Amino acid sequence: MKLQGPADFCIYFKNVEETLKTINHAFKIGFNTIVISLTFKEEDDLKNLISKVHEAKSIIKKYNLENVFLRAHLIGSSISWFKNCLRKIRYSFHVVSAKPLTVDSLRFTGRDRRIDVIVYENKNLSRFFGKSQMRLMKNTEKALEIQFNSLWSSSNYKGLIFNLRKTLSLAVRSNIPIIVSSGASSLSNIKTPYQLMSLLTVLGVSYPYAKLTVSTIPLSVIKRNIHRLSKKHVETGVDIV
Amino acid sequence: MNVLSLFIALLIVELTFIMATTSLFIFNAIELPVFATLTILGLIVVILTFTLFKLFKMIILTNKILLRVKGEKVKLKEALRKPRKRYIVFQVVSEKPLSRDEVKSIIDELIKETFGLIGSGNINAKLISYDENNMKGILRCVHSYRDAVLFALAMASVKTKDKVNIIPLKTTGTLRKAREIVKTLSID
């Protein structure tokens, strides 16, 4: 099946049944491509995570789900942990995203080419998504992801809207691709593509650009990584024809 | 060409004419009656030019005012025009079935909390119908605020801590079509 938008770039993996239900629901409400996200934290045991990966892969294989991709979502503060993790898991996932918890790790994730997407942090690091971070992200062709559900985890919405609008305008001005995903883990918090787009339009981003954030941009990230994982790819700019 | 610059150019020409006649009279090239006639003629032309300039200026000003009034009228007409409507067909996902009043209060609260008193007034959302059996309903809003309503509906799961989720299925321009969609479209 041909890859086509709209795409939900992040549906968190909870358990097999719940995730399968959520995927089917997402297809029904209008998504054509879905990315299942597996969260990796510093304190987690890598063996448990690997079993989770196998479970997620088995769902895709068993139910013959087309246009469903796997993504590793790294949450951490230590640069060495990020490096270690990336070395082990990079080639088992279609997409790798990061949610850094410190400024140093934020800068590192901005520099490292193995990471495709940086998730916007609401709480402490929002002010560090400034010009220098955008420049770093632009050099390494990274996308900025905004997860709808995890945005509202804190109670202070006023600061959130202000910071988010600032970051969005900076990203648009410096040509950083923006992705909006639902960040859903169950049926009760899944969003439709139009609802995801409405977040940006309410914050002042134009409608055509908002449309790109749920269709063209996530698909381009997935396509790039499919090509990277294929046997034809040798290095950036070097392919076997 | 600007009217003012045209007027100044004409005035210079006329003043030069008067000065020339005066200098001719001083050097006795022309007689006194001829000089008097030419000077009076020159002055009459100057007065005429000045009057014409004022008239032109007034006409231009009137035109500008008329255009502005016309623009304001168009704006006022657009503002006073009956706003177009959009009908959003939605489905509620929750553990227990919700009544019409509950859904109405949730939606009203969401829109008011997200966009405030003025925003909710502009949006003018109204729950047209709600079927408690299949938990589907139709919500009416002003067409330019469709995105705002979708955003407010998306906030339902956040506000109710994942207990209630409102999923918009389709947006239409007529109520008849919305009712058809309620009958046919479903995510179950």
# chains A, B, ... in the order shown; residues from 1 in each chain; ligands from 1
$ closest_atom_pairs --of "chain B" --to "chain A" --cutoff "6 Å" --atoms "only C-alpha atoms" --output "Markdown table"
| residue | atom | partner | partner_atom | distance |
| --- | --- | --- | --- | --- |
| B:Asp147 | CA | A:Ser198 | CA | 5.0 |
| B:Leu150 | CA | A:Gln195 | CA | 5.4 |
| B:Phe151 | CA | A:Ser198 | CA | 5.4 |
| B:Ser157 | CA | A:Asn189 | CA | 5.6 |
| B:Asp162 | CA | A:Ser188 | CA | 5.4 |
| B:Asn165 | CA | A:Ser188 | CA | 5.3 |
| B:Ile187 | CA | A:Lys28 | CA | 5.9 |
$ residues_around --residues "Lys52 in chain A" --least-positions-apart "4" --cutoff "8 Å" --atoms "only C-alpha atoms" --output "list in words"
Leu38, Asn48 and Ala56 of chain A
$ write_last_selection --atoms "N, CA and C atoms" --output "PDB file, in the first residue's frame"
ATOM      1  N   LEU A  38       7.379   3.506  21.147  1.00  0.00           N
ATOM      2  CA  LEU A  38       7.813   2.769  22.347  1.00  0.00           C
ATOM      3  C   LEU A  38       8.736   3.668  23.161  1.00  0.00           C
ATOM      4  N   ASN A  48      13.313  -5.686  29.198  1.00  0.00           N
ATOM      5  CA  ASN A  48      11.846  -5.528  29.138  1.00  0.00           C
ATOM      6  C   ASN A  48      11.453  -4.772  27.882  1.00  0.00           C
ATOM      7  N   ALA A  56       5.329  -5.438  19.788  1.00  0.00           N
ATOM      8  CA  ALA A  56       4.844  -4.453  18.810  1.00  0.00           C
ATOM      9  C   ALA A  56       5.061  -4.943  17.385  1.00  0.00           C
TER      10      ALA A  56
END
$ closest_residue --among "A:Ser185, A:Asn64, A:Ser126, A:Ser154" --to "Thr167 in chain A" --atoms "only C-alpha atoms"
A:Ser126
$ atom_distance --atom1 "CA of Thr39 in chain B" --atom2 "CA of Asn2 in chain B"
28.0 Å
$ residues_around --residues "range 4-12 of chain B" --least-positions-apart "3" --cutoff "8 Å" --atoms "only C-alpha atoms" --output "PDB file with N, CA and C atoms, in the first residue's frame"
ATOM      1  N   MET B   1      -0.150  64.595 -12.651  1.00  0.00           N
ATOM      2  CA  MET B   1       0.536  65.761 -12.041  1.00  0.00           C
ATOM      3  C   MET B   1      -0.273  66.273 -10.844  1.00  0.00           C
ATOM      4  N   LEU B  15       2.854  85.692 -12.499  1.00  0.00           N
ATOM      5  CA  LEU B  15       3.659  86.726 -11.813  1.00  0.00           C
ATOM      6  C   LEU B  15       4.769  87.245 -12.718  1.00  0.00           C
ATOM      7  N   THR B  16       5.365  86.333 -13.500  1.00  0.00           N
ATOM      8  CA  THR B  16       6.407  86.723 -14.465  1.00  0.00           C
ATOM      9  C   THR B  16       5.824  87.695 -15.503  1.00  0.00           C
ATOM     10  N   VAL B  46      -4.806  85.559 -12.125  1.00  0.00           N
ATOM     11  CA  VAL B  46      -4.284  84.992 -10.855  1.00  0.00           C
ATOM     12  C   VAL B  46      -5.442  84.594  -9.955  1.00  0.00           C
ATOM     13  N   THR B  49      -7.153  81.492 -11.283  1.00  0.00           N
ATOM     14  CA  THR B  49      -6.341  80.279 -11.027  1.00  0.00           C
ATOM     15  C   THR B  49      -6.504  79.807  -9.582  1.00  0.00           C
ATOM     16  N   PHE B  50      -6.469  80.781  -8.652  1.00  0.00           N
ATOM     17  CA  PHE B  50      -6.594  80.459  -7.235  1.00  0.00           C
ATOM     18  C   PHE B  50      -7.955  79.804  -6.946  1.00  0.00           C
ATOM     19  N   PHE B  53      -8.048  76.330  -8.320  1.00  0.00           N
ATOM     20  CA  PHE B  53      -7.249  75.442  -7.455  1.00  0.00           C
ATOM     21  C   PHE B  53      -8.067  74.984  -6.248  1.00  0.00           C
TER      22      PHE B  53
END
$ select_by_dssp --residues "chain B" --states "strand (DSSP E or B)" --output "PyMOL selection string"
chain B and resi 85-94+126-131+136-142+164-172
$ residues_around --residues "Ala143 in chain A" --least-positions-apart "3" --cutoff "12 Å" --atoms "only C-alpha atoms" --output "JSON, numbers by chain"
{"A": [9, 95, 96, 97, 98, 109, 110, 113, 115, 116, 117, 118, 119, 120, 133, 134, 135, 136, 137, 138, 139, 140, 146, 168, 171, 172, 174, 175, 176, 177, 178, 179, 180, 213, 217, 218, 219, 220, 221, 222]}
$ closest_residue --among "B:Val89, B:Gly121, B:Ala156, B:Leu98" --to "Leu175 in chain B" --atoms "only C-alpha atoms"
B:Val89
$ select_by_dssp --residues "range 178-207 of chain A" --states "helix (DSSP H, G or I)" --output "list in words"
Leu187, Ser188, Asn189, Pro193, Tyr194, Gln195, Leu196, Met197, Ser198, Leu199, Leu200, Thr201, Val202 and Tyr207 of chain A
$ residues_around --residues "Cys10 in chain A" --least-positions-apart "3" --cutoff "9 Å" --atoms "only C-alpha atoms" --output "count of residues only"
13
$ closest_residue --among "A:Trp81, A:Phe93, A:Phe40, A:Tyr12" --to "Phe69 in chain A" --atoms "only C-alpha atoms"
A:Phe93
$ residues_around --residues "Leu24 in chain B" --least-positions-apart "6" --cutoff "12 Å" --atoms "only C-alpha atoms" --output "VMD selection string"
chain B and resid 17 to 18 30 to 32 34 to 36 38 to 39
$ write_last_selection --atoms "N, CA and C atoms" --output "PDB file, in the first residue's frame"
ATOM      1  N   PHE B  17       4.574  87.376 -15.934  1.00  0.00           N
ATOM      2  CA  PHE B  17       3.892  88.249 -16.898  1.00  0.00           C
ATOM      3  C   PHE B  17       3.700  89.652 -16.318  1.00  0.00           C
ATOM      4  N   ILE B  18       3.222  89.711 -15.049  1.00  0.00           N
ATOM      5  CA  ILE B  18       2.994  91.011 -14.400  1.00  0.00           C
ATOM      6  C   ILE B  18       4.309  91.779 -14.245  1.00  0.00           C
ATOM      7  N   ILE B  30       5.763 100.774 -22.926  1.00  0.00           N
ATOM      8  CA  ILE B  30       4.289 100.797 -23.115  1.00  0.00           C
ATOM      9  C   ILE B  30       3.687 101.998 -22.384  1.00  0.00           C
ATOM     10  N   GLU B  31       2.492 102.364 -22.841  1.00  0.00           N
ATOM     11  CA  GLU B  31       1.806 103.503 -22.234  1.00  0.00           C
ATOM     12  C   GLU B  31       1.098 103.057 -20.949  1.00  0.00           C
ATOM     13  N   LEU B  32       0.633 104.061 -20.158  1.00  0.00           N
ATOM     14  CA  LEU B  32      -0.038 103.791 -18.882  1.00  0.00           C
ATOM     15  C   LEU B  32      -1.359 103.014 -19.045  1.00  0.00           C
ATOM     16  N   VAL B  34      -2.293 100.938 -21.380  1.00  0.00           N
ATOM     17  CA  VAL B  34      -1.976  99.539 -21.785  1.00  0.00           C
ATOM     18  C   VAL B  34      -1.452  98.750 -20.572  1.00  0.00           C
ATOM     19  N   PHE B  35      -0.551  99.405 -19.828  1.00  0.00           N
ATOM     20  CA  PHE B  35       0.024  98.745 -18.628  1.00  0.00           C
ATOM     21  C   PHE B  35      -1.070  98.389 -17.615  1.00  0.00           C
ATOM     22  N   ALA B  36      -1.994  99.404 -17.405  1.00  0.00           N
ATOM     23  CA  ALA B  36      -3.083  99.184 -16.440  1.00  0.00           C
ATOM     24  C   ALA B  36      -3.953  98.010 -16.881  1.00  0.00           C
ATOM     25  N   LEU B  38      -3.179  95.488 -18.885  1.00  0.00           N
ATOM     26  CA  LEU B  38      -2.443  94.208 -18.782  1.00  0.00           C
ATOM     27  C   LEU B  38      -2.329  93.736 -17.336  1.00  0.00           C
ATOM     28  N   THR B  39      -2.066  94.709 -16.425  1.00  0.00           N
ATOM     29  CA  THR B  39      -1.928  94.343 -15.000  1.00  0.00           C
ATOM     30  C   THR B  39      -3.255  93.819 -14.457  1.00  0.00           C
TER      31      THR B  39
END
$ atom_distance --atom1 "CA of His54 in chain A" --atom2 "CA of Asp8 in chain A"
21.4 Å
$ atom_distance --atom1 "CA of Glu42 in chain A" --atom2 "CA of Ser230 in chain A"
29.2 Å
$ residues_around --residues "Ile107 in chain B" --least-positions-apart "4" --cutoff "12 Å" --atoms "only C-alpha atoms" --output "JSON, numbers by chain"
{"B": [90, 92, 100, 101, 102, 103, 111, 112, 113, 114, 120, 124, 125, 126, 127, 137, 138, 139, 140, 141, 149, 150, 151, 152, 153, 154, 155, 156, 157, 159, 160, 164, 165, 166]}
